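Q: Structure incoming, see below.
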Amino acid sequence: MMAALTLLCGSSALLVGPAVHAPARASVRMAAHEGEQILLSKFGLPADAFRTDRRQALGLGLAAVAAVGTAAPALAEDPMFTLPPLPYAYDALEPNIDAATMKFHHDFHHQAYITNLNKAMAGKPAASLVSLMPDAKKNKINNAGGGHYNHCLLWSSMGPKAGGAPTGDLTKKMDEAFGSYDGFKTQFSAAAAGVFGSGWAWLVVSKDGSVKISSSPNQDNPLMDAGGDIPILGIDVWEHAYYLKYQNRRPEYIAAFYNVINWDKVGEYYATAATGKPIEF
C-alpha cells in the first residue's frame, strides 16, 4: 500500500491515498510539512523552472513530487539530466540542517535547476554535466548548469556522523595553505559570510595541487573561470539553504556546516582534482 501523499497549493493542503503505518517516514514528513510550505512560499523555485505563474509553478512542482514520491521529474520525454537521489535520509544531518530544508532544497530546488538545464539542452547533442561548465557563462546556462553541478557536489560532500578534520594528503595541503584546520575554518567562514546576497564559498585545488578558498555569486562555480581551479567542497549560502532553521544568522549556519562535512569524500575529490581532473557527476 502507498503511504498518504501531501500536495500543497498556495496555503491549502490535500491528502491523497491511504495512510499506512510507517513511523520513520511519517515523522519526517510531518516535521517537514510546515517547513516546506514556508520555504516554497518565501523562495519559490528558480526562475523559469516552469513557464507559468508562481502559484501554478508551486502546484505543478508539488503535484509531480507527490506522483513519484520524491522529486518532480524534468519536463522532457527523454531528459539529458536527472536528479540524483539524496545519499542519506532527509533528517540525517539534524540538528545541523533540518529535514524540511533538505527536502525542499533537494527535491524542489535542485530539481528545478535540472528542469531548466534540460530545457536549455533540448535538441542538442548529449553532454556530461562537467563538460558544460567551462562555457556555461557564454552559453547562458551558468544558473541552470551550475545549480545542478554545485548541488551534486554539496550533497555528496556532506553526510551523517561526519565532521571532524580532514586526513591524508588533503590535510597536508590544507596545513600548508591555512596553517591548520582551524585556520581553514576561519578563512572559509569569512569567505562564506562575505558572499553578498546569494552564492557559494569553495575549497578548490589549483593546477599545482595546492588548495585555496574562493567564492562565486549565484550558481557560478570555479570551473566556469579560466584559472583552472577545481572545487572539491562548497557551501551554499543562498538564503533558502538555511533560512528555516537559522533565519538571517548565516554565521551560525556556516559553523554548523563543519559538523556535516564528509572529509573522506572530500579527500577522494582532492586526489582526483590533484591530477587535473574535475569531479564528475
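Scheme for the C-alpha cells: letters A, B, ... for chains in order shown; per-chain residue numbers from 1; ligand numbers from 1 in order shown.
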For the helix (DSSP H, G or I) assignment from backbone DSSP, which residues of range 84-262 of chain A qualify? Please present them as a PyMOL selection string.
A: chain A and resi 99-121+129-132+142-156+168-178+181-193+222-224+239-241+243-246+250-257
Q: I need the residues from that last selection saved to file as a PDB file, in the first residue's frame (with C-alpha atoms), if you can.
A:
ATOM      1  CA  ALA A  99      14.794  17.738   7.328  1.00  0.00           C
ATOM      2  CA  ALA A 100      12.368  20.263   5.824  1.00  0.00           C
ATOM      3  CA  THR A 101      15.199  22.295   4.368  1.00  0.00           C
ATOM      4  CA  MET A 102      16.865  19.198   2.948  1.00  0.00           C
ATOM      5  CA  LYS A 103      13.655  18.018   1.312  1.00  0.00           C
ATOM      6  CA  PHE A 104      12.833  21.400  -0.193  1.00  0.00           C
ATOM      7  CA  HIS A 105      16.425  22.062  -1.242  1.00  0.00           C
ATOM      8  CA  HIS A 106      16.947  18.680  -2.906  1.00  0.00           C
ATOM      9  CA  ASP A 107      13.519  17.654  -4.200  1.00  0.00           C
ATOM     10  CA  PHE A 108      12.283  21.042  -5.362  1.00  0.00           C
ATOM     11  CA  HIS A 109      15.116  23.498  -5.751  1.00  0.00           C
ATOM     12  CA  HIS A 110      17.781  21.211  -7.197  1.00  0.00           C
ATOM     13  CA  GLN A 111      15.183  19.588  -9.434  1.00  0.00           C
ATOM     14  CA  ALA A 112      14.171  22.985 -10.800  1.00  0.00           C
ATOM     15  CA  TYR A 113      17.737  23.669 -11.944  1.00  0.00           C
ATOM     16  CA  ILE A 114      17.767  20.300 -13.709  1.00  0.00           C
ATOM     17  CA  THR A 115      14.445  21.080 -15.363  1.00  0.00           C
ATOM     18  CA  ASN A 116      15.831  24.370 -16.635  1.00  0.00           C
ATOM     19  CA  LEU A 117      19.037  22.731 -17.845  1.00  0.00           C
ATOM     20  CA  ASN A 118      17.119  20.058 -19.750  1.00  0.00           C
ATOM     21  CA  LYS A 119      15.107  22.780 -21.436  1.00  0.00           C
ATOM     22  CA  ALA A 120      18.279  24.601 -22.436  1.00  0.00           C
ATOM     23  CA  MET A 121      19.858  21.403 -23.780  1.00  0.00           C
ATOM     24  CA  LEU A 129      27.473  17.874 -16.805  1.00  0.00           C
ATOM     25  CA  VAL A 130      31.096  18.749 -16.093  1.00  0.00           C
ATOM     26  CA  SER A 131      31.814  19.331 -19.802  1.00  0.00           C
ATOM     27  CA  LEU A 132      29.255  22.137 -19.818  1.00  0.00           C
ATOM     28  CA  ASN A 142      25.593  29.025 -15.637  1.00  0.00           C
ATOM     29  CA  ASN A 143      22.494  29.300 -13.467  1.00  0.00           C
ATOM     30  CA  ALA A 144      20.859  26.021 -14.502  1.00  0.00           C
ATOM     31  CA  GLY A 145      24.042  24.058 -15.162  1.00  0.00           C
ATOM     32  CA  GLY A 146      25.875  25.465 -12.182  1.00  0.00           C
ATOM     33  CA  GLY A 147      22.848  24.892  -9.988  1.00  0.00           C
ATOM     34  CA  HIS A 148      22.866  21.218 -10.938  1.00  0.00           C
ATOM     35  CA  TYR A 149      26.627  20.719 -10.607  1.00  0.00           C
ATOM     36  CA  ASN A 150      27.008  22.707  -7.383  1.00  0.00           C
ATOM     37  CA  HIS A 151      24.248  20.831  -5.605  1.00  0.00           C
ATOM     38  CA  CYS A 152      25.601  17.445  -6.694  1.00  0.00           C
ATOM     39  CA  LEU A 153      28.889  18.417  -5.075  1.00  0.00           C
ATOM     40  CA  LEU A 154      27.121  19.706  -1.973  1.00  0.00           C
ATOM     41  CA  TRP A 155      25.049  16.578  -1.284  1.00  0.00           C
ATOM     42  CA  SER A 156      27.953  14.219  -1.827  1.00  0.00           C
ATOM     43  CA  GLY A 168      45.813  12.250   4.482  1.00  0.00           C
ATOM     44  CA  ASP A 169      47.224  14.339   1.650  1.00  0.00           C
ATOM     45  CA  LEU A 170      44.437  16.887   1.898  1.00  0.00           C
ATOM     46  CA  THR A 171      45.393  17.639   5.500  1.00  0.00           C
ATOM     47  CA  LYS A 172      48.965  18.381   4.466  1.00  0.00           C
ATOM     48  CA  LYS A 173      47.856  20.709   1.691  1.00  0.00           C
ATOM     49  CA  MET A 174      45.400  22.498   3.961  1.00  0.00           C
ATOM     50  CA  ASP A 175      48.028  22.959   6.656  1.00  0.00           C
ATOM     51  CA  GLU A 176      50.400  24.411   4.072  1.00  0.00           C
ATOM     52  CA  ALA A 177      47.739  26.819   2.834  1.00  0.00           C
ATOM     53  CA  PHE A 178      45.988  27.798   6.055  1.00  0.00           C
ATOM     54  CA  TYR A 181      42.344  23.148  10.192  1.00  0.00           C
ATOM     55  CA  ASP A 182      41.207  25.954  12.462  1.00  0.00           C
ATOM     56  CA  GLY A 183      42.932  28.384  10.125  1.00  0.00           C
ATOM     57  CA  PHE A 184      40.982  26.911   7.231  1.00  0.00           C
ATOM     58  CA  LYS A 185      37.718  27.253   9.126  1.00  0.00           C
ATOM     59  CA  THR A 186      38.420  30.892   9.902  1.00  0.00           C
ATOM     60  CA  GLN A 187      39.144  31.760   6.270  1.00  0.00           C
ATOM     61  CA  PHE A 188      36.383  29.601   4.806  1.00  0.00           C
ATOM     62  CA  SER A 189      33.836  31.038   7.229  1.00  0.00           C
ATOM     63  CA  ALA A 190      34.888  34.574   6.322  1.00  0.00           C
ATOM     64  CA  ALA A 191      34.545  33.836   2.605  1.00  0.00           C
ATOM     65  CA  ALA A 192      31.109  32.268   3.058  1.00  0.00           C
ATOM     66  CA  ALA A 193      29.854  35.056   5.313  1.00  0.00           C
ATOM     67  CA  PRO A 222      35.274  27.935 -10.346  1.00  0.00           C
ATOM     68  CA  LEU A 223      35.040  25.529 -13.293  1.00  0.00           C
ATOM     69  CA  MET A 224      33.461  28.375 -15.253  1.00  0.00           C
ATOM     70  CA  GLU A 239      19.168  32.020   1.999  1.00  0.00           C
ATOM     71  CA  HIS A 240      16.888  29.080   1.174  1.00  0.00           C
ATOM     72  CA  ALA A 241      19.703  26.740   2.294  1.00  0.00           C
ATOM     73  CA  TYR A 243      16.529  30.239   6.452  1.00  0.00           C
ATOM     74  CA  LEU A 244      14.113  27.822   8.117  1.00  0.00           C
ATOM     75  CA  LYS A 245      16.479  26.968  10.972  1.00  0.00           C
ATOM     76  CA  TYR A 246      18.787  29.980  11.114  1.00  0.00           C
ATOM     77  CA  ARG A 250      24.280  32.934   8.308  1.00  0.00           C
ATOM     78  CA  PRO A 251      27.394  32.627  10.545  1.00  0.00           C
ATOM     79  CA  GLU A 252      25.574  30.065  12.726  1.00  0.00           C
ATOM     80  CA  TYR A 253      24.693  28.016   9.654  1.00  0.00           C
ATOM     81  CA  ILE A 254      28.294  28.177   8.462  1.00  0.00           C
ATOM     82  CA  ALA A 255      29.546  26.995  11.866  1.00  0.00           C
ATOM     83  CA  ALA A 256      27.104  24.068  11.789  1.00  0.00           C
ATOM     84  CA  PHE A 257      28.212  23.102   8.273  1.00  0.00           C
TER      85      PHE A 257
END
Q: So that I can check the surroundings of Val260 in chain A, please list as a PyMOL selection string every protein, DNA and RNA residue that reaches within 12 Å of it, counting only C-alpha atoms and ignoring chain neighbours fewer than 5 positions away.
A: chain A and resi 88+92-98+154-165+233+235+253-255+265-266
Q: Can I get the selected residues back with N, CA and C atoms, as a JSON list (two decimals), in the first residue's frame?
A:
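After the write, selection30.json holds the following:
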[["chain", "number", "residue", "atom", "x", "y", "z"],
["A", 88, "TYR", "N", 21.42, 10.10, 1.70],
["A", 88, "TYR", "CA", 21.09, 9.85, 3.10],
["A", 88, "TYR", "C", 19.67, 10.35, 3.32],
["A", 92, "ALA", "N", 18.97, 13.13, 8.22],
["A", 92, "ALA", "CA", 20.25, 12.56, 8.64],
["A", 92, "ALA", "C", 21.24, 13.60, 9.13],
["A", 93, "LEU", "N", 21.06, 14.86, 8.72],
["A", 93, "LEU", "CA", 22.01, 15.91, 9.11],
["A", 93, "LEU", "C", 21.51, 16.74, 10.29],
["A", 94, "GLU", "N", 20.39, 16.34, 10.86],
["A", 94, "GLU", "CA", 19.89, 17.00, 12.07],
["A", 94, "GLU", "C", 20.93, 16.83, 13.18],
["A", 95, "PRO", "N", 21.06, 17.79, 14.08],
["A", 95, "PRO", "CA", 20.32, 19.06, 14.18],
["A", 95, "PRO", "C", 20.97, 20.21, 13.38],
["A", 96, "ASN", "N", 21.99, 19.90, 12.62],
["A", 96, "ASN", "CA", 22.72, 20.96, 11.92],
["A", 96, "ASN", "C", 21.94, 21.53, 10.74],
["A", 97, "ILE", "N", 21.34, 20.64, 9.95],
["A", 97, "ILE", "CA", 20.49, 21.04, 8.84],
["A", 97, "ILE", "C", 19.20, 20.25, 8.95],
["A", 98, "ASP", "N", 18.08, 20.93, 8.99],
["A", 98, "ASP", "CA", 16.80, 20.29, 9.28],
["A", 98, "ASP", "C", 16.24, 19.56, 8.07],
["A", 154, "LEU", "N", 27.54, 19.44, -3.35],
["A", 154, "LEU", "CA", 27.12, 19.71, -1.97],
["A", 154, "LEU", "C", 26.60, 18.44, -1.30],
["A", 155, "TRP", "N", 25.64, 17.77, -1.92],
["A", 155, "TRP", "CA", 25.05, 16.58, -1.28],
["A", 155, "TRP", "C", 26.10, 15.52, -1.01],
["A", 156, "SER", "N", 26.99, 15.31, -1.96],
["A", 156, "SER", "CA", 27.95, 14.22, -1.83],
["A", 156, "SER", "C", 29.07, 14.53, -0.84],
["A", 157, "SER", "N", 29.29, 15.79, -0.53],
["A", 157, "SER", "CA", 30.37, 16.14, 0.39],
["A", 157, "SER", "C", 29.87, 16.35, 1.81],
["A", 158, "MET", "N", 28.59, 16.06, 2.05],
["A", 158, "MET", "CA", 28.05, 16.08, 3.40],
["A", 158, "MET", "C", 27.62, 14.67, 3.77],
["A", 159, "GLY", "N", 27.38, 14.45, 5.06],
["A", 159, "GLY", "CA", 26.90, 13.15, 5.48],
["A", 159, "GLY", "C", 26.64, 13.09, 6.97],
["A", 160, "PRO", "N", 25.88, 12.08, 7.40],
["A", 160, "PRO", "CA", 25.65, 11.90, 8.84],
["A", 160, "PRO", "C", 26.91, 11.37, 9.53],
["A", 161, "LYS", "N", 27.00, 11.60, 10.80],
["A", 161, "LYS", "CA", 28.15, 11.15, 11.60],
["A", 161, "LYS", "C", 29.46, 11.59, 10.94],
["A", 162, "ALA", "N", 29.46, 12.82, 10.45],
["A", 162, "ALA", "CA", 30.61, 13.36, 9.75],
["A", 162, "ALA", "C", 31.24, 14.46, 10.59],
["A", 163, "GLY", "N", 31.89, 15.39, 9.93],
["A", 163, "GLY", "CA", 32.56, 16.47, 10.64],
["A", 163, "GLY", "C", 33.98, 16.08, 10.99],
["A", 164, "GLY", "N", 34.50, 16.66, 12.04],
["A", 164, "GLY", "CA", 35.89, 16.41, 12.40],
["A", 164, "GLY", "C", 36.83, 17.15, 11.48],
["A", 165, "ALA", "N", 38.00, 16.59, 11.27],
["A", 165, "ALA", "CA", 39.02, 17.24, 10.44],
["A", 165, "ALA", "C", 39.43, 16.31, 9.31],
["A", 233, "LEU", "N", 34.87, 21.17, -2.45],
["A", 233, "LEU", "CA", 33.93, 21.38, -1.35],
["A", 233, "LEU", "C", 33.29, 22.74, -1.55],
["A", 235, "ILE", "N", 29.99, 25.40, 0.04],
["A", 235, "ILE", "CA", 28.86, 25.67, 0.94],
["A", 235, "ILE", "C", 27.91, 26.63, 0.25],
["A", 253, "TYR", "N", 24.81, 29.07, 10.65],
["A", 253, "TYR", "CA", 24.69, 28.02, 9.65],
["A", 253, "TYR", "C", 26.07, 27.57, 9.17],
["A", 254, "ILE", "N", 26.95, 28.52, 8.93],
["A", 254, "ILE", "CA", 28.29, 28.18, 8.46],
["A", 254, "ILE", "C", 29.02, 27.35, 9.52],
["A", 255, "ALA", "N", 28.90, 27.74, 10.78],
["A", 255, "ALA", "CA", 29.55, 26.99, 11.87],
["A", 255, "ALA", "C", 29.01, 25.57, 11.95],
["A", 265, "LYS", "N", 35.10, 11.81, 1.73],
["A", 265, "LYS", "CA", 34.70, 12.05, 0.34],
["A", 265, "LYS", "C", 35.46, 13.25, -0.24],
["A", 266, "VAL", "N", 35.60, 14.31, 0.53],
["A", 266, "VAL", "CA", 36.33, 15.47, 0.05],
["A", 266, "VAL", "C", 37.79, 15.10, -0.23]]
Q: How many Å lie between CA of Lys137 in chain A and CA of Asp220 in chain A, rounded to one decimal?
A: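 Taking CA of Lys137 in chain A as the start and CA of Asp220 in chain A as the end point, the length is 8.3 Å.
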Q: Which polymer residues have any atom within 10 Å of an atom of Ala126 in chain A, counting only C-alpha atoms, with same-chain residues fewer than 4 positions away left out, as a short mmCIF file (atom, residue, chain, number, x, y, z; two decimals) with all heavy atoms, in the first residue's frame?
A:
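Output file part28.cif is given in full below:
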data_model
loop_
_atom_site.label_atom_id
_atom_site.label_comp_id
_atom_site.auth_asym_id
_atom_site.auth_seq_id
_atom_site.Cartn_x
_atom_site.Cartn_y
_atom_site.Cartn_z
N PRO A 79 14.92 13.23 -20.74
CA PRO A 79 15.79 14.28 -20.23
C PRO A 79 17.26 13.88 -20.25
O PRO A 79 17.61 12.72 -19.99
CB PRO A 79 15.29 14.50 -18.81
CG PRO A 79 14.67 13.20 -18.42
CD PRO A 79 14.04 12.69 -19.68
N MET A 80 18.11 14.84 -20.55
CA MET A 80 19.54 14.59 -20.55
C MET A 80 20.07 14.41 -19.13
O MET A 80 20.98 13.62 -18.89
CB MET A 80 20.27 15.74 -21.25
CG MET A 80 21.74 15.48 -21.54
SD MET A 80 22.54 16.86 -22.43
CE MET A 80 21.59 16.90 -23.96
N PHE A 81 19.47 15.13 -18.19
CA PHE A 81 19.93 15.09 -16.81
C PHE A 81 18.77 14.76 -15.88
O PHE A 81 17.63 15.19 -16.12
CB PHE A 81 20.55 16.43 -16.42
CG PHE A 81 21.72 16.82 -17.27
CD1 PHE A 81 21.58 17.76 -18.30
CD2 PHE A 81 22.96 16.25 -17.08
CE1 PHE A 81 22.64 18.11 -19.09
CE2 PHE A 81 24.05 16.59 -17.88
CZ PHE A 81 23.89 17.52 -18.89
N MET A 121 19.10 22.37 -22.99
CA MET A 121 19.86 21.40 -23.78
C MET A 121 18.98 20.60 -24.74
O MET A 121 19.50 19.75 -25.47
CB MET A 121 20.59 20.44 -22.83
CG MET A 121 21.65 21.10 -21.97
SD MET A 121 22.97 21.87 -22.94
CE MET A 121 23.71 20.42 -23.70
N ALA A 122 17.69 20.88 -24.75
CA ALA A 122 16.78 20.14 -25.62
C ALA A 122 17.21 20.28 -27.08
O ALA A 122 17.48 21.38 -27.57
CB ALA A 122 15.35 20.65 -25.45
#
Q: Fewer than 2 positions away in the same chain doesn't count, so skip those; otherwise give me all residues within 9 Å of Gly276 in chain A, counting only C-alpha atoms, as a ChimeraX atom specification.
A: /A:205-209,228-230,272-274,278
Q: Name the residues of range 135-247 of chain A that fall into strand (DSSP E or B) according to DSSP on the backbone, using the chain letters and numbers of this document, as a PyMOL selection string.
A: chain A and resi 158+199-205+211-217+230-236
Q: Can those selected residues be exported to a file as a PDB file, in the first residue's frame so that it contains N, CA and C atoms?
A:
ATOM      1  N   MET A 158      28.594  16.060   2.047  1.00  0.00           N
ATOM      2  CA  MET A 158      28.048  16.084   3.404  1.00  0.00           C
ATOM      3  C   MET A 158      27.624  14.668   3.774  1.00  0.00           C
ATOM      4  N   GLY A 199      25.119  32.932  -3.186  1.00  0.00           N
ATOM      5  CA  GLY A 199      26.299  32.376  -3.826  1.00  0.00           C
ATOM      6  C   GLY A 199      26.889  31.227  -3.041  1.00  0.00           C
ATOM      7  N   TRP A 200      28.174  30.976  -3.302  1.00  0.00           N
ATOM      8  CA  TRP A 200      28.869  29.835  -2.726  1.00  0.00           C
ATOM      9  C   TRP A 200      30.277  30.238  -2.304  1.00  0.00           C
ATOM     10  N   ALA A 201      30.799  29.538  -1.297  1.00  0.00           N
ATOM     11  CA  ALA A 201      32.216  29.586  -0.969  1.00  0.00           C
ATOM     12  C   ALA A 201      32.794  28.203  -1.253  1.00  0.00           C
ATOM     13  N   TRP A 202      34.047  28.177  -1.720  1.00  0.00           N
ATOM     14  CA  TRP A 202      34.632  26.930  -2.216  1.00  0.00           C
ATOM     15  C   TRP A 202      36.008  26.661  -1.606  1.00  0.00           C
ATOM     16  N   LEU A 203      36.307  25.376  -1.445  1.00  0.00           N
ATOM     17  CA  LEU A 203      37.666  24.909  -1.279  1.00  0.00           C
ATOM     18  C   LEU A 203      38.058  24.338  -2.632  1.00  0.00           C
ATOM     19  N   VAL A 204      39.095  24.886  -3.238  1.00  0.00           N
ATOM     20  CA  VAL A 204      39.461  24.492  -4.599  1.00  0.00           C
ATOM     21  C   VAL A 204      40.911  24.007  -4.653  1.00  0.00           C
ATOM     22  N   VAL A 205      41.180  23.218  -5.682  1.00  0.00           N
ATOM     23  CA  VAL A 205      42.522  22.700  -5.925  1.00  0.00           C
ATOM     24  C   VAL A 205      43.091  23.413  -7.150  1.00  0.00           C
ATOM     25  N   VAL A 211      45.827  24.055  -2.384  1.00  0.00           N
ATOM     26  CA  VAL A 211      44.418  24.364  -2.159  1.00  0.00           C
ATOM     27  C   VAL A 211      44.277  25.814  -1.727  1.00  0.00           C
ATOM     28  N   LYS A 212      43.122  26.379  -2.013  1.00  0.00           N
ATOM     29  CA  LYS A 212      42.816  27.736  -1.607  1.00  0.00           C
ATOM     30  C   LYS A 212      41.301  27.891  -1.511  1.00  0.00           C
ATOM     31  N   ILE A 213      40.864  29.039  -1.076  1.00  0.00           N
ATOM     32  CA  ILE A 213      39.445  29.329  -0.889  1.00  0.00           C
ATOM     33  C   ILE A 213      39.025  30.397  -1.886  1.00  0.00           C
ATOM     34  N   SER A 214      37.855  30.227  -2.457  1.00  0.00           N
ATOM     35  CA  SER A 214      37.302  31.240  -3.351  1.00  0.00           C
ATOM     36  C   SER A 214      35.799  31.314  -3.137  1.00  0.00           C
ATOM     37  N   SER A 215      35.159  32.231  -3.809  1.00  0.00           N
ATOM     38  CA  SER A 215      33.705  32.353  -3.721  1.00  0.00           C
ATOM     39  C   SER A 215      33.147  32.723  -5.083  1.00  0.00           C
ATOM     40  N   SER A 216      31.867  32.451  -5.271  1.00  0.00           N
ATOM     41  CA  SER A 216      31.196  32.735  -6.542  1.00  0.00           C
ATOM     42  C   SER A 216      29.804  33.272  -6.264  1.00  0.00           C
ATOM     43  N   PRO A 217      29.309  34.167  -7.114  1.00  0.00           N
ATOM     44  CA  PRO A 217      27.926  34.640  -6.958  1.00  0.00           C
ATOM     45  C   PRO A 217      26.943  33.649  -7.559  1.00  0.00           C
ATOM     46  N   ILE A 230      39.746  23.726  -9.360  1.00  0.00           N
ATOM     47  CA  ILE A 230      38.738  22.671  -9.329  1.00  0.00           C
ATOM     48  C   ILE A 230      38.109  22.626  -7.939  1.00  0.00           C
ATOM     49  N   PRO A 231      36.808  22.845  -7.814  1.00  0.00           N
ATOM     50  CA  PRO A 231      36.170  22.805  -6.496  1.00  0.00           C
ATOM     51  C   PRO A 231      36.024  21.375  -5.985  1.00  0.00           C
ATOM     52  N   ILE A 232      36.332  21.185  -4.690  1.00  0.00           N
ATOM     53  CA  ILE A 232      36.152  19.874  -4.062  1.00  0.00           C
ATOM     54  C   ILE A 232      35.217  19.958  -2.859  1.00  0.00           C
ATOM     55  N   LEU A 233      34.870  21.166  -2.455  1.00  0.00           N
ATOM     56  CA  LEU A 233      33.927  21.384  -1.354  1.00  0.00           C
ATOM     57  C   LEU A 233      33.290  22.743  -1.551  1.00  0.00           C
ATOM     58  N   GLY A 234      31.989  22.811  -1.363  1.00  0.00           N
ATOM     59  CA  GLY A 234      31.299  24.092  -1.474  1.00  0.00           C
ATOM     60  C   GLY A 234      30.208  24.202  -0.435  1.00  0.00           C
ATOM     61  N   ILE A 235      29.985  25.403   0.044  1.00  0.00           N
ATOM     62  CA  ILE A 235      28.860  25.666   0.939  1.00  0.00           C
ATOM     63  C   ILE A 235      27.909  26.625   0.246  1.00  0.00           C
ATOM     64  N   ASP A 236      26.660  26.257   0.223  1.00  0.00           N
ATOM     65  CA  ASP A 236      25.608  27.049  -0.395  1.00  0.00           C
ATOM     66  C   ASP A 236      25.146  28.092   0.612  1.00  0.00           C
TER      67      ASP A 236
END
Q: Of the residues A:Ile279, A:Leu86, A:Pro134, A:Ile261, which is the one nearest to Gly227 in chain A, using only C-alpha atoms?
A: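 Checking each of A:Ile279, A:Leu86, A:Pro134, A:Ile261 against Gly227 in chain A, counting only C-alpha atoms, the winner is A:Pro134.
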